[in-house]
Amino acid sequence: MAKKQIIPYGHQWISADDIKEVVRVLKSDWLTQGPKIEEFEKAVAKYCGSKYAAAVSSGTAALHAAYFAAGLKKGDEVITTPLTFAATSNMLVFCGAKPVFADIERDTLNIDPSEIIKKINAKTKAIVIVDFAGNPCDFDKISKIAKDNNLLVIEDACHALGAEYKGKKIGSFSDMTILSFHPVKHIATGEGGMILTNNKDFYEKIKIFRHHGAKKKPEKGGWYYEIKKPGFNYRITDMQCALGLSQLRKLNKFLQRRKEIAKTYNKAFKNIEKITLPVEKNYAKSAWHIYPVQVKGTDRRRAFDALSKQGVGVQVHYLPLHLQPFYQKEFDYKKGDFPLAEQYYERAITLPLFPKMTNKDIQYVIKSVKKTLI
């Protein structure tokens, strides 16, 4: 029998004060569609420096809503990275758009701006960037490309709440920014997501989309609403938002702890020849959602299995999307199309990193990695 994983790669930190806030909502008149939702939206918008925020049921729902608000449809092409969770690209497909992948930078693992330029054509409508592992993309370069070609920039920042680019928190650099509040993310609401934007038109469209596409018309009666385009039930609950507000108050502490753990790992592994460490550029402060390393000169599967047996809950982020059967069949992608993303994947292992880790946990991970790779 395999040894039970004692240290997962990511985990929430729920305290008594979080539970108290949720219980308070449970005792109130509003479990959903109540005041906590707007309170949470305003708090996150203020933290990130955006004008508007719309909370929804998941990060995936947030991507779908943003793509809808952008007007993406059949025949449109959208440039994005193959190194991301499937939702980034899947929701483009659901809107009818074609995901056009561009390879990554070798060091940051983010989409390479020079590769974006190569993919632009008359059908291109947007660029969807991903702040991989919590490390912000180079917004200046990407924004210039978008402006020069009249393209929208939608930022999948599900890894990056609290990250900074040139001293400013992410959330207002792109036309729309997507957040996730899954338990392994920086703050947890169970499931949940959010779209940040400075564009009021996008904001209004998203609010309607998350509520079945229904827009109230009070001038025709208090009961009356109209649906011009069908939407989804992507609503978040007041219970989730109460938890989110409580978690948000601790976000800076969580981020500091993540940074401390990453710094400890960096110091411990810097001289191990078989390990390539994650890179943080001088223009960015990573939110350290995950700690992805690359192993060299050893079999990744063997290392993964060995660490798992030692109780270190490693993971791999991610199998590049162009290697998934659907994308190969539907869009004719194949192995070899994006060599840097593939090279990273073949070597990648994500080590545990989350704020509730104890110093003992951290040292155990370090000891286990050295035992496996030295």
# chains A, B, ... in the order shown; residues from 1 in each chain; ligands from 1
>>> closest_atom_pairs(of="range 233-314 of chain A", to="range 46-60 of chain A", cutoff="7 Å", atoms="only C-alpha atoms", output="Markdown table")
| residue | atom | partner | partner_atom | distance |
| --- | --- | --- | --- | --- |
| A:Tyr234 | CA | A:Ser57 | CA | 5.1 |
| A:Arg235 | CA | A:Val56 | CA | 5.0 |
| A:Ile236 | CA | A:Ser57 | CA | 4.6 |
>>> write_last_selection(atoms="N, CA and C atoms", output="PDB file, in the first residue's frame")
ATOM      1  N   TYR A 234     -24.347  31.418 -13.237  1.00  0.00           N
ATOM      2  CA  TYR A 234     -22.976  31.458 -12.764  1.00  0.00           C
ATOM      3  C   TYR A 234     -22.866  32.264 -11.467  1.00  0.00           C
ATOM      4  N   ARG A 235     -23.969  32.329 -10.719  1.00  0.00           N
ATOM      5  CA  ARG A 235     -23.968  33.143  -9.502  1.00  0.00           C
ATOM      6  C   ARG A 235     -23.135  32.495  -8.398  1.00  0.00           C
ATOM      7  N   ILE A 236     -22.510  33.336  -7.602  1.00  0.00           N
ATOM      8  CA  ILE A 236     -21.824  32.921  -6.388  1.00  0.00           C
ATOM      9  C   ILE A 236     -22.763  33.182  -5.215  1.00  0.00           C
TER      10      ILE A 236
END
>>> residues_around(residues="Lys253 in chain A", least_positions_apart="2", cutoff="12 Å", atoms="only C-alpha atoms", output="ChimeraX atom specification")
/A:13,162,186-187,247-251,255-260,287,354-356
>>> write_last_selection(atoms="C-alpha atoms", output="PDB file, in the first residue's frame")
ATOM      1  CA  TRP A  13      -6.195  27.663   5.424  1.00  0.00           C
ATOM      2  CA  GLY A 162      -1.630  39.712  -5.138  1.00  0.00           C
ATOM      3  CA  HIS A 186      -4.495  32.476  -2.598  1.00  0.00           C
ATOM      4  CA  ILE A 187      -7.864  32.915  -0.940  1.00  0.00           C
ATOM      5  CA  GLN A 247      -9.810  35.340   3.658  1.00  0.00           C
ATOM      6  CA  LEU A 248      -9.038  38.592   1.844  1.00  0.00           C
ATOM      7  CA  ARG A 249      -8.199  40.244   5.153  1.00  0.00           C
ATOM      8  CA  LYS A 250      -5.410  37.656   5.545  1.00  0.00           C
ATOM      9  CA  LEU A 251      -4.204  37.703   1.944  1.00  0.00           C
ATOM     10  CA  LEU A 255       1.394  36.003   0.288  1.00  0.00           C
ATOM     11  CA  GLN A 256       4.267  36.742   2.632  1.00  0.00           C
ATOM     12  CA  ARG A 257       4.329  33.139   3.805  1.00  0.00           C
ATOM     13  CA  ARG A 258       4.299  31.855   0.214  1.00  0.00           C
ATOM     14  CA  LYS A 259       7.243  34.137  -0.565  1.00  0.00           C
ATOM     15  CA  GLU A 260       9.130  32.861   2.484  1.00  0.00           C
ATOM     16  CA  ALA A 287       2.261  35.531  -5.964  1.00  0.00           C
ATOM     17  CA  PHE A 354       0.879  26.816   0.707  1.00  0.00           C
ATOM     18  CA  PRO A 355       0.720  29.201   3.700  1.00  0.00           C
ATOM     19  CA  LYS A 356      -0.292  26.605   6.283  1.00  0.00           C
TER      20      LYS A 356
END
>>> select_by_dssp(residues="range 127-229 of chain A", states="helix (DSSP H, G or I)", output="list in words")
Phe132, Ala133, Gly134, Phe139, Asp140, Lys141, Ile142, Ser143, Lys144, Ile145, Ala146, Lys147, Asp148, Lys200, Asp201, Phe202, Tyr203, Glu204, Lys205, Ile206, Lys207, Ile208, Phe209, Pro218, Glu219 and Lys220 of chain A
>>> closest_atom_pairs(of="range 56-121 of chain A", to="range 219-233 of chain A", cutoff="12 Å", atoms="only C-alpha atoms", output="JSON lines")
{"residue": "A:Val56", "atom": "CA", "partner": "A:Asn233", "partner_atom": "CA", "distance": 8.9}
{"residue": "A:Ser57", "atom": "CA", "partner": "A:Asn233", "partner_atom": "CA", "distance": 8.4}
{"residue": "A:Ser58", "atom": "CA", "partner": "A:Asn233", "partner_atom": "CA", "distance": 11.2}
{"residue": "A:Ala61", "atom": "CA", "partner": "A:Phe232", "partner_atom": "CA", "distance": 8.9}
{"residue": "A:Ala62", "atom": "CA", "partner": "A:Phe232", "partner_atom": "CA", "distance": 11.3}
{"residue": "A:His64", "atom": "CA", "partner": "A:Phe232", "partner_atom": "CA", "distance": 9.8}
{"residue": "A:Ala65", "atom": "CA", "partner": "A:Gly231", "partner_atom": "CA", "distance": 8.8}
{"residue": "A:Phe68", "atom": "CA", "partner": "A:Gly231", "partner_atom": "CA", "distance": 9.2}
{"residue": "A:Ala69", "atom": "CA", "partner": "A:Gly231", "partner_atom": "CA", "distance": 11.0}
{"residue": "A:Gly71", "atom": "CA", "partner": "A:Lys229", "partner_atom": "CA", "distance": 11.7}
{"residue": "A:Cys95", "atom": "CA", "partner": "A:Gly231", "partner_atom": "CA", "distance": 11.8}
>>> write_last_selection(atoms="C-alpha atoms", output="compact mmCIF listing (two decimals), in the first residue's frame")
# COMPACT_ATOMS: atom_id res chain seq x y z
CA VAL A 56 -19.15 34.24 -10.28
CA SER A 57 -19.29 30.56 -9.36
CA SER A 58 -15.78 29.56 -10.50
CA ALA A 61 -17.25 30.65 -15.23
CA ALA A 62 -15.26 33.89 -15.02
CA HIS A 64 -16.58 32.11 -20.02
CA ALA A 65 -18.26 35.34 -18.92
CA PHE A 68 -18.85 36.40 -23.82
CA ALA A 69 -18.50 40.06 -22.85
CA GLY A 71 -18.00 39.18 -28.07
CA CYS A 95 -17.81 30.48 -27.42
>>> residues_around(residues="Ala160 in chain A", least_positions_apart="4", cutoff="10 Å", atoms="only C-alpha atoms", output="count of residues only")
23
